[in-house]
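Student: Quick one, coords_26.csv (CSV, C-alpha atoms):
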```csv
chain,number,residue,atom,x,y,z
A,1,MET,CA,16.5,-73.7,-13.0
A,2,SER,CA,17.6,-70.2,-12.3
A,3,GLY,CA,15.4,-68.1,-14.6
A,4,LYS,CA,15.2,-64.4,-15.2
A,5,ASN,CA,13.0,-63.8,-12.1
A,6,SER,CA,14.7,-66.3,-9.9
A,7,VAL,CA,15.7,-65.2,-6.4
A,8,ALA,CA,17.8,-68.2,-5.5
A,9,GLY,CA,21.3,-67.1,-4.4
A,10,LYS,CA,20.7,-63.4,-5.3
A,11,VAL,CA,21.8,-61.2,-2.5
A,12,GLY,CA,19.1,-58.7,-1.7
A,13,LEU,CA,16.3,-60.9,-3.1
A,14,ASP,CA,16.9,-64.3,-1.6
A,15,PRO,CA,15.3,-64.1,1.9
A,16,THR,CA,17.8,-66.6,3.3
A,17,LEU,CA,20.7,-64.3,2.5
A,18,PRO,CA,21.6,-61.2,4.5
A,19,ASP,CA,20.0,-57.9,3.3
A,20,VAL,CA,22.8,-55.4,3.9
A,21,GLU,CA,23.0,-52.5,1.4
A,22,LEU,CA,26.0,-50.2,1.0
A,23,THR,CA,26.0,-47.3,-1.4
A,24,LEU,CA,29.4,-46.4,-2.7
A,25,GLN,CA,30.1,-43.8,-5.4
A,26,GLY,CA,26.4,-43.7,-6.2
A,27,LYS,CA,25.9,-47.4,-6.7
A,28,THR,CA,24.2,-49.7,-4.2
A,29,TYR,CA,25.9,-53.0,-3.4
A,30,HIS,CA,24.5,-56.0,-1.5
A,31,LEU,CA,26.9,-57.5,1.0
A,32,ALA,CA,26.9,-61.2,2.2
A,33,TYR,CA,29.5,-63.7,3.3
A,34,ASP,CA,29.2,-67.2,1.9
A,35,PHE,CA,31.9,-69.8,2.6
A,36,ASN,CA,33.6,-68.9,-0.7
A,37,ALA,CA,33.8,-65.2,0.5
A,38,ILE,CA,35.0,-66.4,3.9
A,39,CYS,CA,37.9,-68.2,2.2
A,40,GLN,CA,38.6,-65.3,-0.1
A,41,ALA,CA,38.6,-62.9,2.9
A,42,ASN,CA,41.1,-65.2,4.7
A,43,ASN,CA,43.4,-65.3,1.7
A,44,ALA,CA,43.2,-61.5,1.2
A,45,THR,CA,43.4,-60.4,4.9
A,46,GLY,CA,44.5,-63.3,7.0
A,47,ILE,CA,41.3,-63.0,9.0
A,48,ASN,CA,39.6,-66.2,9.8
A,49,LEU,CA,36.0,-65.0,10.0
A,50,LEU,CA,34.9,-68.3,11.4
A,51,ASP,CA,37.1,-67.6,14.4
A,52,SER,CA,36.6,-63.9,14.9
A,53,ILE,CA,36.0,-60.6,13.1
A,54,LEU,CA,36.8,-58.6,16.2
A,55,GLY,CA,40.0,-56.6,16.4
A,56,ASP,CA,41.7,-53.8,14.6
A,57,ILE,CA,40.6,-53.5,11.0
A,58,THR,CA,43.4,-52.0,8.8
A,59,ALA,CA,42.9,-50.4,5.4
A,60,ILE,CA,44.1,-53.6,3.7
A,61,SER,CA,41.9,-55.9,5.8
A,62,LEU,CA,38.9,-53.6,5.2
A,63,ARG,CA,39.5,-53.7,1.5
A,64,GLY,CA,39.7,-57.5,1.7
A,65,LEU,CA,36.6,-57.9,3.8
A,66,LEU,CA,34.6,-55.6,1.6
A,67,TRP,CA,35.8,-57.4,-1.5
A,68,ALA,CA,34.8,-60.8,0.0
A,69,ALA,CA,31.4,-59.5,1.0
A,70,LEU,CA,30.8,-58.1,-2.5
A,71,LEU,CA,31.7,-61.4,-4.2
A,72,PRO,CA,28.4,-63.2,-3.8
A,73,ASP,CA,26.6,-60.4,-5.7
A,74,ASN,CA,29.6,-59.4,-7.9
A,75,PRO,CA,31.6,-62.5,-8.6
A,76,GLU,CA,33.7,-60.8,-11.3
A,77,MET,CA,34.9,-58.0,-9.0
A,78,THR,CA,38.6,-57.9,-8.3
A,79,ILE,CA,40.1,-56.8,-4.9
A,80,GLU,CA,41.6,-53.7,-6.6
A,81,GLU,CA,38.2,-52.7,-7.9
A,82,ALA,CA,36.8,-53.1,-4.4
A,83,GLY,CA,39.6,-51.0,-3.0
A,84,LYS,CA,38.8,-48.2,-5.5
A,85,LEU,CA,35.3,-48.0,-4.1
A,86,ILE,CA,36.4,-47.0,-0.6
A,87,MET,CA,36.8,-43.3,-0.1
A,88,LEU,CA,38.1,-41.8,3.1
A,89,ARG,CA,34.6,-40.5,4.0
A,90,ASP,CA,33.1,-43.9,3.5
A,91,ILE,CA,35.4,-45.9,5.8
A,92,LYS,CA,33.0,-45.8,8.8
A,93,ALA,CA,30.0,-46.9,6.7
A,94,VAL,CA,32.0,-49.6,5.0
A,95,ARG,CA,33.3,-51.0,8.3
A,96,GLU,CA,29.7,-51.0,9.8
A,97,ALA,CA,28.3,-52.6,6.7
A,98,VAL,CA,31.0,-55.3,6.6
A,99,VAL,CA,30.5,-56.2,10.3
A,100,THR,CA,26.7,-56.1,9.8
A,101,ALA,CA,26.9,-58.4,6.8
A,102,TRP,CA,29.1,-60.8,8.7
A,103,PHE,CA,26.7,-61.2,11.6
A,104,ALA,CA,23.7,-61.3,9.3
A,105,SER,CA,25.4,-64.3,7.5
A,106,LEU,CA,25.7,-66.2,10.7
A,107,PRO,CA,22.9,-68.5,12.1
A,108,GLU,CA,20.8,-67.1,14.8
A,109,VAL,CA,22.0,-68.4,18.2
A,110,LYS,CA,19.2,-69.5,20.5
A,111,PRO,CA,19.6,-68.4,24.1
A,112,GLY,CA,20.1,-72.0,25.3
A,113,GLU,CA,22.7,-72.8,22.7
A,114,ALA,CA,24.7,-69.6,23.6
A,115,LYS,CA,24.8,-70.8,27.2
A,116,ALA,CA,25.9,-74.3,26.2
A,117,ARG,CA,28.7,-73.1,24.0
A,118,SER,CA,30.1,-70.5,26.5
B,1,MET,CA,47.4,-69.2,6.4
B,2,VAL,CA,47.7,-66.5,9.0
B,3,CYS,CA,45.4,-66.3,12.0
B,4,PHE,CA,43.7,-63.0,12.7
B,5,ALA,CA,45.1,-62.9,16.3
B,6,ALA,CA,48.6,-63.6,15.0
B,7,ARG,CA,48.4,-60.9,12.3
B,8,GLY,CA,51.2,-58.4,12.6
B,9,GLU,CA,53.0,-60.5,15.2
B,10,THR,CA,56.5,-61.6,14.4
B,11,GLY,CA,58.0,-64.7,15.9
B,12,GLY,CA,56.3,-66.5,18.8
B,13,SER,CA,54.9,-70.0,18.7
B,14,GLN,CA,52.5,-70.5,15.9
B,15,GLY,CA,51.4,-73.8,17.4
B,16,SER,CA,50.1,-72.1,20.5
B,17,GLU,CA,48.4,-69.4,18.5
B,18,LEU,CA,46.7,-72.0,16.4
B,19,LYS,CA,45.5,-73.7,19.5
B,20,GLU,CA,43.7,-70.5,20.7
B,21,HIS,CA,42.7,-69.4,17.3
B,22,PRO,CA,42.0,-72.2,14.8
B,23,SER,CA,43.0,-71.7,11.2
B,24,LEU,CA,40.3,-71.4,8.6
B,25,LYS,CA,41.1,-75.0,7.5
B,26,GLU,CA,40.4,-76.2,11.0
B,27,SER,CA,37.2,-74.2,11.2
B,28,ILE,CA,35.8,-75.1,7.8
B,29,ALA,CA,36.9,-78.7,7.5
B,30,PRO,CA,34.2,-80.3,9.7
B,31,LEU,CA,31.5,-78.1,8.1
B,32,TRP,CA,32.7,-79.2,4.6
B,33,ALA,CA,32.7,-82.8,5.6
B,34,ALA,CA,29.2,-82.6,7.0
B,35,ALA,CA,28.0,-80.8,3.8
B,36,ILE,CA,29.5,-83.5,1.5
B,37,TYR,CA,28.9,-86.6,3.6
B,38,GLU,CA,25.7,-85.9,5.5
B,39,LEU,CA,23.9,-83.3,3.3
B,40,HIS,CA,25.2,-84.7,0.0
B,41,LEU,CA,26.1,-81.2,-1.4
B,42,THR,CA,28.7,-80.6,-4.0
B,43,ALA,CA,31.8,-78.6,-2.9
B,44,GLU,CA,30.6,-75.8,-5.1
B,45,ALA,CA,27.1,-75.8,-3.5
B,46,PHE,CA,28.7,-75.8,-0.1
B,47,TYR,CA,30.9,-72.8,-0.8
B,48,SER,CA,28.0,-70.8,-2.2
B,49,LEU,CA,26.1,-71.1,1.1
B,50,THR,CA,26.3,-68.6,4.0
B,51,PRO,CA,26.9,-70.1,7.4
B,52,SER,CA,23.3,-69.2,8.2
B,53,GLN,CA,22.0,-71.1,5.2
B,54,PHE,CA,24.2,-74.0,6.1
B,55,ALA,CA,22.8,-74.1,9.7
B,56,LEU,CA,19.3,-74.1,8.2
B,57,LEU,CA,20.2,-77.2,6.1
B,58,VAL,CA,21.8,-78.9,9.1
B,59,GLU,CA,18.6,-78.3,11.2
B,60,ALA,CA,16.4,-79.6,8.4
B,61,HIS,CA,18.6,-82.7,8.1
B,62,ARG,CA,18.5,-83.2,11.9
B,63,LYS,CA,14.6,-83.1,11.8
B,64,HIS,CA,14.6,-85.6,9.0
B,65,LEU,CA,16.8,-88.0,11.0
B,66,GLU,CA,14.5,-87.6,14.0
B,67,HIS,CA,11.5,-88.4,11.9
B,68,ASP,CA,13.2,-91.6,10.6
B,69,GLU,CA,14.2,-92.5,14.1
B,70,MET,CA,10.7,-91.9,15.4
B,71,ILE,CA,9.1,-94.3,12.9
B,72,GLN,CA,11.6,-97.0,13.8
B,73,ALA,CA,11.2,-96.2,17.5
B,74,TYR,CA,7.4,-96.7,17.4
B,75,THR,CA,7.8,-100.0,15.6
B,76,THR,CA,10.5,-101.2,18.0
B,77,ALA,CA,8.4,-100.3,21.0
B,78,ALA,CA,5.3,-102.0,19.6
B,79,ILE,CA,7.3,-105.2,18.9
B,80,ILE,CA,8.7,-105.2,22.4
B,81,ASN,CA,5.4,-104.4,24.1
B,82,TYR,CA,3.4,-107.0,22.2
B,83,SER,CA,6.1,-109.7,22.4
B,84,MET,CA,5.9,-112.9,24.6
B,85,GLY,CA,8.4,-111.4,27.0
B,86,ALA,CA,6.8,-107.9,27.1
B,87,PRO,CA,8.0,-105.8,30.0
B,88,GLU,CA,5.5,-105.0,32.9
B,89,SER,CA,5.7,-101.3,32.1
B,90,PRO,CA,5.5,-100.7,28.4
B,91,ALA,CA,8.7,-99.6,26.6
B,92,GLN,CA,8.4,-96.0,25.5
B,93,PRO,CA,9.4,-95.1,21.9
B,94,LEU,CA,11.5,-92.2,23.3
B,95,LEU,CA,13.9,-94.9,24.5
B,96,PHE,CA,14.9,-95.6,20.9
B,97,MET,CA,15.1,-91.9,19.7
B,98,PRO,CA,18.7,-90.9,20.7
B,99,SER,CA,18.8,-87.9,18.3
B,100,TYR,CA,15.6,-86.4,19.7
B,101,ARG,CA,16.7,-86.9,23.3
B,102,GLU,CA,20.1,-85.3,22.5
B,103,ALA,CA,18.4,-82.3,20.8
B,104,THR,CA,15.8,-81.7,23.4
B,105,GLY,CA,17.7,-82.8,26.4
B,106,THR,CA,14.9,-85.1,27.5
B,107,GLU,CA,15.8,-88.4,29.0
B,108,PRO,CA,13.1,-91.0,29.5
B,109,ALA,CA,12.3,-91.9,33.1
B,110,LYS,CA,14.3,-94.9,34.1
B,111,PRO,CA,12.9,-97.3,36.7
B,112,LYS,CA,14.8,-96.8,39.9
B,113,MET,CA,15.8,-99.8,42.0
B,114,THR,CA,16.0,-99.3,45.8
B,115,ALA,CA,18.6,-101.1,47.9
B,116,ASP,CA,15.8,-103.5,49.0
B,117,ASP,CA,14.9,-104.3,45.4
B,118,VAL,CA,18.6,-105.1,44.7
B,119,ILE,CA,18.9,-107.4,47.8
B,120,ASP,CA,15.6,-109.1,46.9
B,121,TRP,CA,16.8,-109.6,43.3
B,122,GLN,CA,20.1,-111.0,44.5
B,123,ALA,CA,18.3,-113.4,46.9
B,124,ARG,CA,16.1,-114.7,44.1
B,125,VAL,CA,19.1,-115.3,41.8
B,126,ALA,CA,20.9,-117.1,44.7
B,127,GLN,CA,17.7,-119.2,45.3
B,128,LEU,CA,17.4,-120.1,41.7
B,129,ALA,CA,21.1,-121.1,41.5
B,130,ALA,CA,20.7,-123.4,44.5
B,131,GLU,CA,17.5,-125.0,43.1
B,132,LEU,CA,19.3,-125.6,39.8
B,133,LYS,CA,22.1,-127.3,41.7
B,134,GLN,CA,19.6,-129.5,43.6
B,135,GLY,CA,17.5,-130.1,40.5
B,136,HIS,CA,14.2,-129.1,42.2
B,137,GLY,CA,12.6,-126.3,44.2
B,138,PRO,CA,9.6,-123.9,44.1
B,139,THR,CA,11.2,-121.3,41.7
B,140,LEU,CA,12.3,-124.0,39.3
B,141,ASP,CA,8.9,-125.7,39.4
B,142,ARG,CA,7.2,-122.3,38.6
B,143,ILE,CA,9.6,-121.8,35.7
B,144,ASN,CA,8.9,-125.3,34.4
B,145,ALA,CA,5.2,-124.9,34.8
B,146,ASN,CA,5.3,-121.6,32.8
B,147,GLY,CA,7.3,-123.4,30.1
B,148,LYS,CA,4.7,-126.1,29.7
B,149,GLN,CA,1.8,-123.7,29.3
```
Any chance you could put this one into structure tokens?
Tutor:
Amino acid sequence: MSGKNSVAGKVGLDPTLPDVELTLQGKTYHLAYDFNAICQANNATGINLLDSILGDITAISLRGLLWAALLPDNPEMTIEEAGKLIMLRDIKAVREAVVTAWFASLPEVKPGEAKARS
Amino acid sequence: MVCFAARGETGGSQGSELKEHPSLKESIAPLWAAAIYELHLTAEAFYSLTPSQFALLVEAHRKHLEHDEMIQAYTTAAIINYSMGAPESPAQPLLFMPSYREATGTEPAKPKMTADDVIDWQARVAQLAAELKQGHGPTLDRINANGKQ
């Protein structure tokens, strides 16, 4: 069913997916976290994104989180390739993009629900 | 699997850490089960969804259940309200829509019995029991008369 012009599952085109762009080394990447990426992030960094993303993000965990967020759009990318994309000057942008992509991948919490869960 | 909060920590009770911070398996297992069992997704389809997309599907599924429930609730209420033993105040379909009530937090108004109502009801039951024992009485006659009609 997924033809040439299909938007289904394509990060940046599919309106149900987060639209978070990150330009690294002249190339623009689209970031999103699906459940597959969440599991890969957990394996690579030990971070359970379904529990919390808050806390200190180390260089290793940032690489793992970026790699996982890149996977939906770049399924063939390895964690080493993701690591090579991160330059020292880009760390702040990568961190912000990763956090933004994560929260954009979460369902919107209605005010009443937030109160009920807390 | 290592929890985020426990990262970098050595020793300590992993059990207590897990209690505060569930592992990914604990977090994802109920979602996976709902995806496979309720939404009839394949595991592959589930893992390719973002949590946001999954929530949209769950919401759509909930609305579908509510719609099914609504059809059955209207039928049930109609059967009750047009039956030979129809209640004085008609049964509302909302009574038979638990998913809708749960989602909206609306509970149908229940008829409230006062203390006098309870005493009156108990007295009538006692009266009927006594008449049944004797084999005759005004309440029993009324019931018999209704049965003959």
Student: Neighbours of segment 102-107 of chain A within 8 Å (only C-alpha atoms; same-chain residues fewer than 5 positions away dropped), as an MDAnalysis selection string?
Tutor: (chainID A and resid 17:19 32:34) or (chainID B and resid 50:53 55:56)
Student: At a cut-off of 9 Å, which residues of chain A touch chain B? Count only C-alpha atoms and give the answer as an MDAnalysis selection string.
Tutor: chainID A and resid 9 16:18 32:39 42:43 45:55 72 104:108
Student: Work out how far apart atom CA of Leu66 of chain A and atom CA of Gly26 of chain A are and give it in Å to one decimal.
Tutor: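 Calculated distance between atom CA of Leu66 of chain A and atom CA of Gly26 of chain A is 16.4 Å.
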Student: With distances taken over all atoms listed in the file, which of A:Leu13, A:Ala82, A:Ala8, A:Leu65 is nearest to Gln25 of chain A?
Tutor: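 Closest residue, counting all atoms listed in the file: A:Ala82.
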Student: Just the number, please: distance in Å from atom CA of His67 of chain B to atom CA of Arg101 of chain B, one decimal.
Tutor: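 We find that atom CA of His67 of chain B and atom CA of Arg101 of chain B lie 12.6 Å from each other.
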Student: I'd like the contact shell of segment 75-80 of chain B - 9 Å cut-off, all atoms listed in the file, skipping same-chain residues fewer than 2 positions apart - returned as number ranges by chain.
Tutor: B: 70-73, 82-87, 90-96
Student: One decimal, in Å: what's the spacing between atom CA of Pro30 of chain B and atom CA of Ala101 of chain A?
Tutor: 23.3 Å
Student: Using all atoms listed in the file, which protein or nucleic acid residues come within 12 Å of Ile91 of chain A? Drop anything in the same chain fewer than 3 positions from it, and give the result as a ChimeraX atom specification.
Tutor: /A:22-24,57-63,66,83,85-88,94-98
Student: Do a neighbour search on segment 103-106 of chain B at 10 Å with all atoms listed in the file, toss out local chain neighbours closer than 6 positions, and write the hits as a PyMOL selection string.
Tutor: chain B and resi 62-63+66+94
Student: Could segment 28-60 of chain B be completed with N, CA and C atoms and returned as a PDB file, in the frame of the given file?
Tutor:
```
ATOM      1  N   ILE B  28      36.736 -74.793   8.932  1.00  0.00           N
ATOM      2  CA  ILE B  28      35.800 -75.100   7.800  1.00  0.00           C
ATOM      3  C   ILE B  28      35.749 -76.585   7.503  1.00  0.00           C
ATOM      4  N   ALA B  29      36.811 -77.327   7.846  1.00  0.00           N
ATOM      5  CA  ALA B  29      36.900 -78.700   7.500  1.00  0.00           C
ATOM      6  C   ALA B  29      35.697 -79.572   7.965  1.00  0.00           C
ATOM      7  N   PRO B  30      35.338 -79.482   9.261  1.00  0.00           N
ATOM      8  CA  PRO B  30      34.200 -80.300   9.700  1.00  0.00           C
ATOM      9  C   PRO B  30      32.876 -79.887   9.052  1.00  0.00           C
ATOM     10  N   LEU B  31      32.733 -78.602   8.731  1.00  0.00           N
ATOM     11  CA  LEU B  31      31.500 -78.100   8.100  1.00  0.00           C
ATOM     12  C   LEU B  31      31.451 -78.697   6.634  1.00  0.00           C
ATOM     13  N   TRP B  32      32.599 -78.639   5.966  1.00  0.00           N
ATOM     14  CA  TRP B  32      32.700 -79.200   4.600  1.00  0.00           C
ATOM     15  C   TRP B  32      32.371 -80.666   4.598  1.00  0.00           C
ATOM     16  N   ALA B  33      32.940 -81.394   5.565  1.00  0.00           N
ATOM     17  CA  ALA B  33      32.700 -82.800   5.600  1.00  0.00           C
ATOM     18  C   ALA B  33      31.233 -83.140   5.846  1.00  0.00           C
ATOM     19  N   ALA B  34      30.596 -82.395   6.731  1.00  0.00           N
ATOM     20  CA  ALA B  34      29.200 -82.600   7.000  1.00  0.00           C
ATOM     21  C   ALA B  34      28.346 -82.286   5.738  1.00  0.00           C
ATOM     22  N   ALA B  35      28.759 -81.241   5.030  1.00  0.00           N
ATOM     23  CA  ALA B  35      28.000 -80.800   3.800  1.00  0.00           C
ATOM     24  C   ALA B  35      28.113 -81.920   2.746  1.00  0.00           C
ATOM     25  N   ILE B  36      29.299 -82.481   2.565  1.00  0.00           N
ATOM     26  CA  ILE B  36      29.500 -83.500   1.500  1.00  0.00           C
ATOM     27  C   ILE B  36      28.898 -84.819   1.926  1.00  0.00           C
ATOM     28  N   TYR B  37      29.216 -85.258   3.151  1.00  0.00           N
ATOM     29  CA  TYR B  37      28.900 -86.600   3.600  1.00  0.00           C
ATOM     30  C   TYR B  37      27.419 -86.730   4.046  1.00  0.00           C
ATOM     31  N   GLU B  38      26.997 -85.769   4.875  1.00  0.00           N
ATOM     32  CA  GLU B  38      25.700 -85.900   5.500  1.00  0.00           C
ATOM     33  C   GLU B  38      24.588 -85.233   4.560  1.00  0.00           C
ATOM     34  N   LEU B  39      24.909 -84.062   4.036  1.00  0.00           N
ATOM     35  CA  LEU B  39      23.900 -83.300   3.300  1.00  0.00           C
ATOM     36  C   LEU B  39      23.968 -83.617   1.767  1.00  0.00           C
ATOM     37  N   HIS B  40      25.016 -84.342   1.365  1.00  0.00           N
ATOM     38  CA  HIS B  40      25.200 -84.700   0.000  1.00  0.00           C
ATOM     39  C   HIS B  40      25.260 -83.491  -0.969  1.00  0.00           C
ATOM     40  N   LEU B  41      25.885 -82.434  -0.507  1.00  0.00           N
ATOM     41  CA  LEU B  41      26.100 -81.200  -1.400  1.00  0.00           C
ATOM     42  C   LEU B  41      27.359 -81.411  -2.148  1.00  0.00           C
ATOM     43  N   THR B  42      27.437 -80.701  -3.256  1.00  0.00           N
ATOM     44  CA  THR B  42      28.700 -80.600  -4.000  1.00  0.00           C
ATOM     45  C   THR B  42      29.558 -79.571  -3.255  1.00  0.00           C
ATOM     46  N   ALA B  43      30.870 -79.626  -3.477  1.00  0.00           N
ATOM     47  CA  ALA B  43      31.800 -78.600  -2.900  1.00  0.00           C
ATOM     48  C   ALA B  43      31.338 -77.229  -3.315  1.00  0.00           C
ATOM     49  N   GLU B  44      30.960 -77.126  -4.578  1.00  0.00           N
ATOM     50  CA  GLU B  44      30.600 -75.800  -5.100  1.00  0.00           C
ATOM     51  C   GLU B  44      29.311 -75.296  -4.421  1.00  0.00           C
ATOM     52  N   ALA B  45      28.357 -76.192  -4.213  1.00  0.00           N
ATOM     53  CA  ALA B  45      27.100 -75.800  -3.500  1.00  0.00           C
ATOM     54  C   ALA B  45      27.423 -75.370  -2.089  1.00  0.00           C
ATOM     55  N   PHE B  46      28.323 -76.111  -1.440  1.00  0.00           N
ATOM     56  CA  PHE B  46      28.700 -75.800  -0.100  1.00  0.00           C
ATOM     57  C   PHE B  46      29.289 -74.379   0.022  1.00  0.00           C
ATOM     58  N   TYR B  47      30.242 -74.098  -0.866  1.00  0.00           N
ATOM     59  CA  TYR B  47      30.900 -72.800  -0.800  1.00  0.00           C
ATOM     60  C   TYR B  47      30.036 -71.620  -1.171  1.00  0.00           C
ATOM     61  N   SER B  48      28.916 -71.910  -1.823  1.00  0.00           N
ATOM     62  CA  SER B  48      28.000 -70.800  -2.200  1.00  0.00           C
ATOM     63  C   SER B  48      26.973 -70.541  -1.077  1.00  0.00           C
ATOM     64  N   LEU B  49      27.065 -71.286   0.026  1.00  0.00           N
ATOM     65  CA  LEU B  49      26.100 -71.100   1.100  1.00  0.00           C
ATOM     66  C   LEU B  49      26.727 -70.121   2.170  1.00  0.00           C
ATOM     67  N   THR B  50      25.866 -69.338   2.813  1.00  0.00           N
ATOM     68  CA  THR B  50      26.300 -68.600   4.000  1.00  0.00           C
ATOM     69  C   THR B  50      26.256 -69.523   5.185  1.00  0.00           C
ATOM     70  N   PRO B  51      27.005 -69.233   6.253  1.00  0.00           N
ATOM     71  CA  PRO B  51      26.900 -70.100   7.400  1.00  0.00           C
ATOM     72  C   PRO B  51      25.458 -70.195   7.938  1.00  0.00           C
ATOM     73  N   SER B  52      24.685 -69.129   7.773  1.00  0.00           N
ATOM     74  CA  SER B  52      23.300 -69.200   8.200  1.00  0.00           C
ATOM     75  C   SER B  52      22.480 -70.170   7.386  1.00  0.00           C
ATOM     76  N   GLN B  53      22.670 -70.158   6.084  1.00  0.00           N
ATOM     77  CA  GLN B  53      22.000 -71.100   5.200  1.00  0.00           C
ATOM     78  C   GLN B  53      22.402 -72.542   5.535  1.00  0.00           C
ATOM     79  N   PHE B  54      23.698 -72.700   5.786  1.00  0.00           N
ATOM     80  CA  PHE B  54      24.200 -74.000   6.100  1.00  0.00           C
ATOM     81  C   PHE B  54      23.557 -74.547   7.396  1.00  0.00           C
ATOM     82  N   ALA B  55      23.427 -73.661   8.394  1.00  0.00           N
ATOM     83  CA  ALA B  55      22.800 -74.100   9.700  1.00  0.00           C
ATOM     84  C   ALA B  55      21.343 -74.462   9.446  1.00  0.00           C
ATOM     85  N   LEU B  56      20.651 -73.769   8.537  1.00  0.00           N
ATOM     86  CA  LEU B  56      19.300 -74.100   8.200  1.00  0.00           C
ATOM     87  C   LEU B  56      19.178 -75.533   7.638  1.00  0.00           C
ATOM     88  N   LEU B  57      20.140 -75.850   6.753  1.00  0.00           N
ATOM     89  CA  LEU B  57      20.200 -77.200   6.100  1.00  0.00           C
ATOM     90  C   LEU B  57      20.461 -78.265   7.170  1.00  0.00           C
ATOM     91  N   VAL B  58      21.407 -77.957   8.057  1.00  0.00           N
ATOM     92  CA  VAL B  58      21.800 -78.900   9.100  1.00  0.00           C
ATOM     93  C   VAL B  58      20.559 -79.198   9.999  1.00  0.00           C
ATOM     94  N   GLU B  59      19.828 -78.138  10.328  1.00  0.00           N
ATOM     95  CA  GLU B  59      18.600 -78.300  11.200  1.00  0.00           C
ATOM     96  C   GLU B  59      17.568 -79.117  10.480  1.00  0.00           C
ATOM     97  N   ALA B  60      17.384 -78.867   9.172  1.00  0.00           N
ATOM     98  CA  ALA B  60      16.400 -79.600   8.400  1.00  0.00           C
ATOM     99  C   ALA B  60      16.818 -81.117   8.366  1.00  0.00           C
TER     100      ALA B  60
END
```
